[in-house]
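This is final00.cif. It holds mmCIF, C-alpha atoms.
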data_model
#
loop_
_atom_site.label_atom_id
_atom_site.label_comp_id
_atom_site.auth_asym_id
_atom_site.auth_seq_id
_atom_site.Cartn_x
_atom_site.Cartn_y
_atom_site.Cartn_z
CA MET A 20 51.88 -4.55 12.33
CA ILE A 21 50.26 -1.17 12.85
CA ARG A 22 51.08 1.74 15.16
CA SER A 23 48.79 0.58 18.00
CA GLU A 24 50.30 -2.93 17.94
CA LEU A 25 53.79 -1.46 18.09
CA ILE A 26 52.78 0.62 21.13
CA GLN A 27 51.19 -2.45 22.73
CA ARG A 28 54.31 -4.56 22.27
CA ILE A 29 56.57 -1.90 23.81
CA SER A 30 54.10 -1.49 26.68
CA ASP A 31 54.04 -5.24 27.33
CA GLU A 32 57.83 -5.25 27.59
CA ASN A 33 57.83 -2.26 29.94
CA PRO A 34 55.12 -2.88 32.55
CA HIS A 35 56.64 -0.15 34.75
CA LEU A 36 55.71 2.54 32.19
CA TYR A 37 52.35 4.18 31.63
CA GLN A 38 50.93 3.20 28.25
CA ARG A 39 50.29 6.92 27.75
CA ASP A 40 54.05 7.58 27.97
CA VAL A 41 54.88 4.74 25.56
CA GLU A 42 52.37 6.22 23.16
CA ARG A 43 54.03 9.60 23.46
CA ILE A 44 57.48 8.11 22.87
CA VAL A 45 56.44 6.21 19.75
CA ASN A 46 54.51 9.16 18.36
CA THR A 47 57.39 11.58 19.04
CA ILE A 48 59.80 9.37 17.09
CA PHE A 49 57.63 9.40 13.95
CA GLU A 50 56.73 13.07 14.38
CA GLN A 51 60.41 14.07 14.69
CA VAL A 52 61.31 12.17 11.52
CA THR A 53 58.55 13.89 9.55
CA GLU A 54 59.39 17.33 10.98
CA ALA A 55 63.07 16.87 10.15
CA MET A 56 62.29 16.05 6.51
CA ALA A 57 59.86 18.97 6.33
CA ARG A 58 62.86 21.17 7.25
CA GLY A 59 64.94 19.45 4.58
CA ASP A 60 67.03 17.54 7.14
CA ARG A 61 68.09 13.91 7.04
CA VAL A 62 67.47 11.35 9.77
CA GLU A 63 70.08 8.64 10.07
CA LEU A 64 69.28 5.63 12.21
CA ARG A 65 72.33 3.36 11.88
CA GLY A 66 71.45 -0.28 11.30
CA PHE A 67 67.84 0.58 10.51
CA GLY A 68 68.00 3.10 7.70
CA ALA A 69 68.09 6.76 6.71
CA PHE A 70 65.28 9.14 5.80
CA SER A 71 66.13 11.96 3.43
CA VAL A 72 64.49 14.40 1.04
CA LYS A 73 64.92 14.11 -2.71
CA ARG A 74 64.26 16.88 -5.19
CA ARG A 75 62.21 16.10 -8.25
CA ASP A 76 62.88 18.60 -11.04
CA SER A 77 60.02 20.32 -12.79
CA ARG A 78 58.96 18.49 -15.93
CA ILE A 79 56.41 18.57 -18.68
CA GLY A 80 53.81 16.01 -17.79
CA ARG A 81 50.84 14.83 -19.77
CA ASN A 82 47.25 14.43 -18.75
CA PRO A 83 46.80 10.73 -19.53
CA ARG A 84 43.12 11.22 -20.32
CA THR A 85 43.34 14.18 -22.68
CA GLY A 86 46.97 13.93 -23.78
CA GLU A 87 47.32 17.61 -22.92
CA SER A 88 50.76 18.86 -21.78
CA VAL A 89 50.98 20.33 -18.30
CA GLU A 90 53.96 21.73 -16.43
CA VAL A 91 54.62 19.77 -13.24
CA GLU A 92 56.45 21.96 -10.73
CA GLU A 93 59.65 21.01 -8.94
CA LYS A 94 58.88 19.21 -5.69
CA HIS A 95 60.53 17.47 -2.76
CA VAL A 96 59.67 13.93 -1.76
CA PRO A 97 60.52 11.76 1.26
CA PHE A 98 62.96 8.92 0.65
CA PHE A 99 64.07 5.96 2.78
CA LYS A 100 67.20 3.90 2.33
CA THR A 101 67.42 0.64 4.25
CA GLY A 102 70.40 0.31 6.58
CA LYS A 103 73.00 -2.37 5.99
CA LEU A 104 72.23 -4.37 9.12
CA LEU A 105 68.50 -4.57 8.38
CA ARG A 106 69.14 -5.33 4.70
CA ASP A 107 71.41 -8.21 5.73
CA ARG A 108 68.89 -9.49 8.28
CA LEU A 109 66.17 -9.59 5.60
CA ASN A 110 68.36 -11.94 3.60
CA GLU A 111 69.66 -14.25 6.30
CA SER A 112 69.03 -18.01 6.10
CA MET B 16 67.11 23.48 3.33
CA SER B 17 69.13 23.37 6.51
CA ASP B 18 70.83 20.05 5.59
CA LYS B 19 71.31 18.79 9.12
CA THR B 20 71.39 15.12 10.04
CA LEU B 21 69.37 13.91 13.00
CA THR B 22 70.39 10.79 14.90
CA ARG B 23 69.06 8.62 17.72
CA MET B 24 70.46 11.26 20.12
CA ASP B 25 68.22 13.98 18.67
CA LEU B 26 65.18 11.74 18.89
CA ALA B 27 66.00 10.90 22.50
CA GLU B 28 66.39 14.60 23.29
CA ALA B 29 62.97 15.42 21.79
CA ILE B 30 61.38 12.59 23.78
CA HIS B 31 63.10 13.78 26.94
CA THR B 32 61.19 17.07 26.77
CA GLU B 33 57.92 15.08 26.39
CA VAL B 34 58.24 12.43 29.08
CA GLY B 35 60.00 12.44 32.42
CA LEU B 36 62.32 9.50 31.89
CA SER B 37 66.09 9.26 32.06
CA ARG B 38 68.04 9.65 28.84
CA ASN B 39 69.28 6.09 29.26
CA ASP B 40 65.77 4.66 29.50
CA ILE B 41 64.70 6.73 26.51
CA ALA B 42 67.66 5.56 24.44
CA GLU B 43 66.70 1.96 25.21
CA LEU B 44 63.08 2.59 24.26
CA VAL B 45 64.04 4.19 20.94
CA GLU B 46 66.16 1.11 20.27
CA SER B 47 63.32 -1.24 21.11
CA VAL B 48 60.93 0.65 18.80
CA LEU B 49 63.39 0.19 15.92
CA ARG B 50 63.96 -3.43 16.90
CA HIS B 51 60.24 -4.25 16.93
CA ILE B 52 59.78 -2.68 13.50
CA SER B 53 62.82 -4.54 12.14
CA ASP B 54 61.75 -7.88 13.66
CA ALA B 55 58.28 -7.61 12.11
CA LEU B 56 59.83 -6.85 8.71
CA VAL B 57 62.27 -9.75 8.99
CA ARG B 58 59.24 -12.01 9.70
CA GLY B 59 57.85 -10.70 6.41
CA GLU B 60 55.16 -8.51 7.97
CA THR B 61 54.18 -5.11 6.61
CA VAL B 62 54.52 -2.29 9.12
CA LYS B 63 51.89 0.37 8.64
CA ILE B 64 52.19 3.55 10.67
CA SER B 65 49.15 5.74 10.09
CA SER B 66 49.91 9.30 8.92
CA PHE B 67 53.61 8.34 8.61
CA GLY B 68 53.98 5.59 6.03
CA THR B 69 54.22 1.89 5.26
CA PHE B 70 57.30 -0.33 5.33
CA SER B 71 56.95 -3.49 3.29
CA VAL B 72 59.18 -6.33 2.18
CA ARG B 73 59.28 -7.42 -1.43
CA ALA B 74 60.86 -10.53 -2.88
CA LYS B 75 63.11 -9.95 -5.89
CA ALA B 76 63.74 -12.73 -8.35
CA ALA B 77 67.21 -13.85 -9.38
CA ARG B 78 68.58 -12.20 -12.50
CA VAL B 79 71.78 -11.84 -14.43
CA GLY B 80 73.53 -8.58 -13.70
CA ARG B 81 76.53 -7.08 -15.40
CA ASN B 82 79.55 -5.36 -13.98
CA PRO B 83 79.27 -1.99 -15.73
CA LYS B 84 83.02 -1.52 -15.69
CA THR B 85 84.11 -4.88 -17.11
CA GLY B 86 80.93 -5.96 -18.88
CA GLN B 87 81.22 -9.30 -17.14
CA GLU B 88 78.01 -11.13 -16.32
CA VAL B 89 77.39 -11.87 -12.65
CA PRO B 90 74.45 -13.78 -11.16
CA ILE B 91 72.28 -11.75 -8.77
CA HIS B 92 70.65 -14.05 -6.24
CA PRO B 93 67.00 -13.80 -5.28
CA ARG B 94 66.67 -11.45 -2.30
CA ARG B 95 64.24 -9.51 -0.16
CA VAL B 96 64.22 -5.75 -0.23
CA LEU B 97 62.50 -3.22 2.01
CA THR B 98 60.46 -0.41 0.55
CA PHE B 99 59.02 2.58 2.37
CA ARG B 100 55.92 4.27 1.02
CA PRO B 101 55.34 7.64 2.69
CA SER B 102 51.78 8.55 3.66
CA HIS B 103 50.00 11.37 1.87
CA LEU B 104 50.29 13.49 4.99
CA MET B 105 54.07 13.03 5.09
CA LYS B 106 54.42 13.76 1.37
CA ASP B 107 52.35 16.92 1.75
CA ARG B 108 54.32 18.12 4.78
CA VAL B 109 57.69 17.43 3.16
CA ALA B 110 56.62 19.11 -0.09
CA ALA B 111 55.22 22.15 1.75
CA GLY B 112 58.23 22.50 4.04
CA ASN B 113 60.75 22.49 1.18
CA ARG B 114 58.86 24.73 -1.23
CA GLY B 115 60.46 27.85 -2.67
#

As structure tokens - that is how I would like this structure written.
Amino acid sequence: MIRSELIQRISDENPHLYQRDVERIVNTIFEQVTEAMARGDRVELRGFGAFSVKRRDSRIGRNPRTGESVEVEEKHVPFFKTGKLLRDRLNES
Amino acid sequence: MSDKTLTRMDLAEAIHTEVGLSRNDIAELVESVLRHISDALVRGETVKISSFGTFSVRAKAARVGRNPKTGQEVPIHPRRVLTFRPSHLMKDRVAAGNRG
């Protein structure tokens, strides 16, 4: 399923809404999650999962082609942990 | 880092400033977005949201685990796990926002 299919499915279930508004709603959800993590915040959606930011310490990496050592700077990466309800649903039956 | 936690309420509030719907209707729509994503994943589909990321389900084989405290062997059953792979855009924005 891709973004446009998700929007279509929500639109089909809500014929009283403009598709334009459904699009805005779906896009705002994803945009808010990304913006929150860009601020270093967490997003907790009970039953679904939680988005958070993890710090990766700086390290000495190696250029795999030349074998040369390079310093890789500390960075922050997005992380998602599946919620209990969804995890359980994936393993039902 | 500000270390705040956003919830469904915060998402609903942000949507409320974008579209003229009641908070109740918005709350229901947020729920149905999450439900549609979850249902697709439970069916084994991959959910790919451009410029956000990809949720996919992987099957894990059975293996023998060990209780680290007692050293006792315990069987771990085969199971399905969900992985999220952030898009490049998200990785870049999160890295840039948390720099320094």

Using all atoms listed in the file: which of A:Asp60, A:Glu50, A:Glu42, A:Glu32 has the shortest distance to chain B: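 The shortest atom-to-atom distance to chain B comes from A:Asp60.
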
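Considering only C-alpha atoms, the residue among B:Lys63, B:Arg58, B:Lys84, B:His103 positioned nearest to chain A is B:Lys63.
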
Residues in the PyMOL selection byres ((chain B) within 8 of (chain A)), expressed as an MDAnalysis selection string: chainID B and resid 16:23 26 29:30 33:34 44:45 47:49 51:53 55:57 60:65 67 94:99 101 105:106 108:114

For atom CA of B:Gly115 and atom CA of A:Glu90, the interatomic separation in Å (one decimal):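 It comes out at 16.4 Å.
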
Interatomic distance (Å, one decimal) between atom CA of B:Pro93 and atom CA of B:Arg78: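 According to the coordinates, atom CA of B:Pro93 and atom CA of B:Arg78 are separated by 7.6 Å.
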
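Between atom CA of A:Glu87 and atom CA of B:Ser102 lies a distance of 28.4 Å.
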
To box stretch 61-67 of chain B, take all atoms listed in the file, fit an axis-aligned box, add 6 Å on each side, and give centre and edge lengths in Å to one decimal, as AutoDock Vina command-line options.
--center_x 51.8 --center_y 2.1 --center_z 8.6 --size_x 17.4 --size_y 26.4 --size_z 16.1
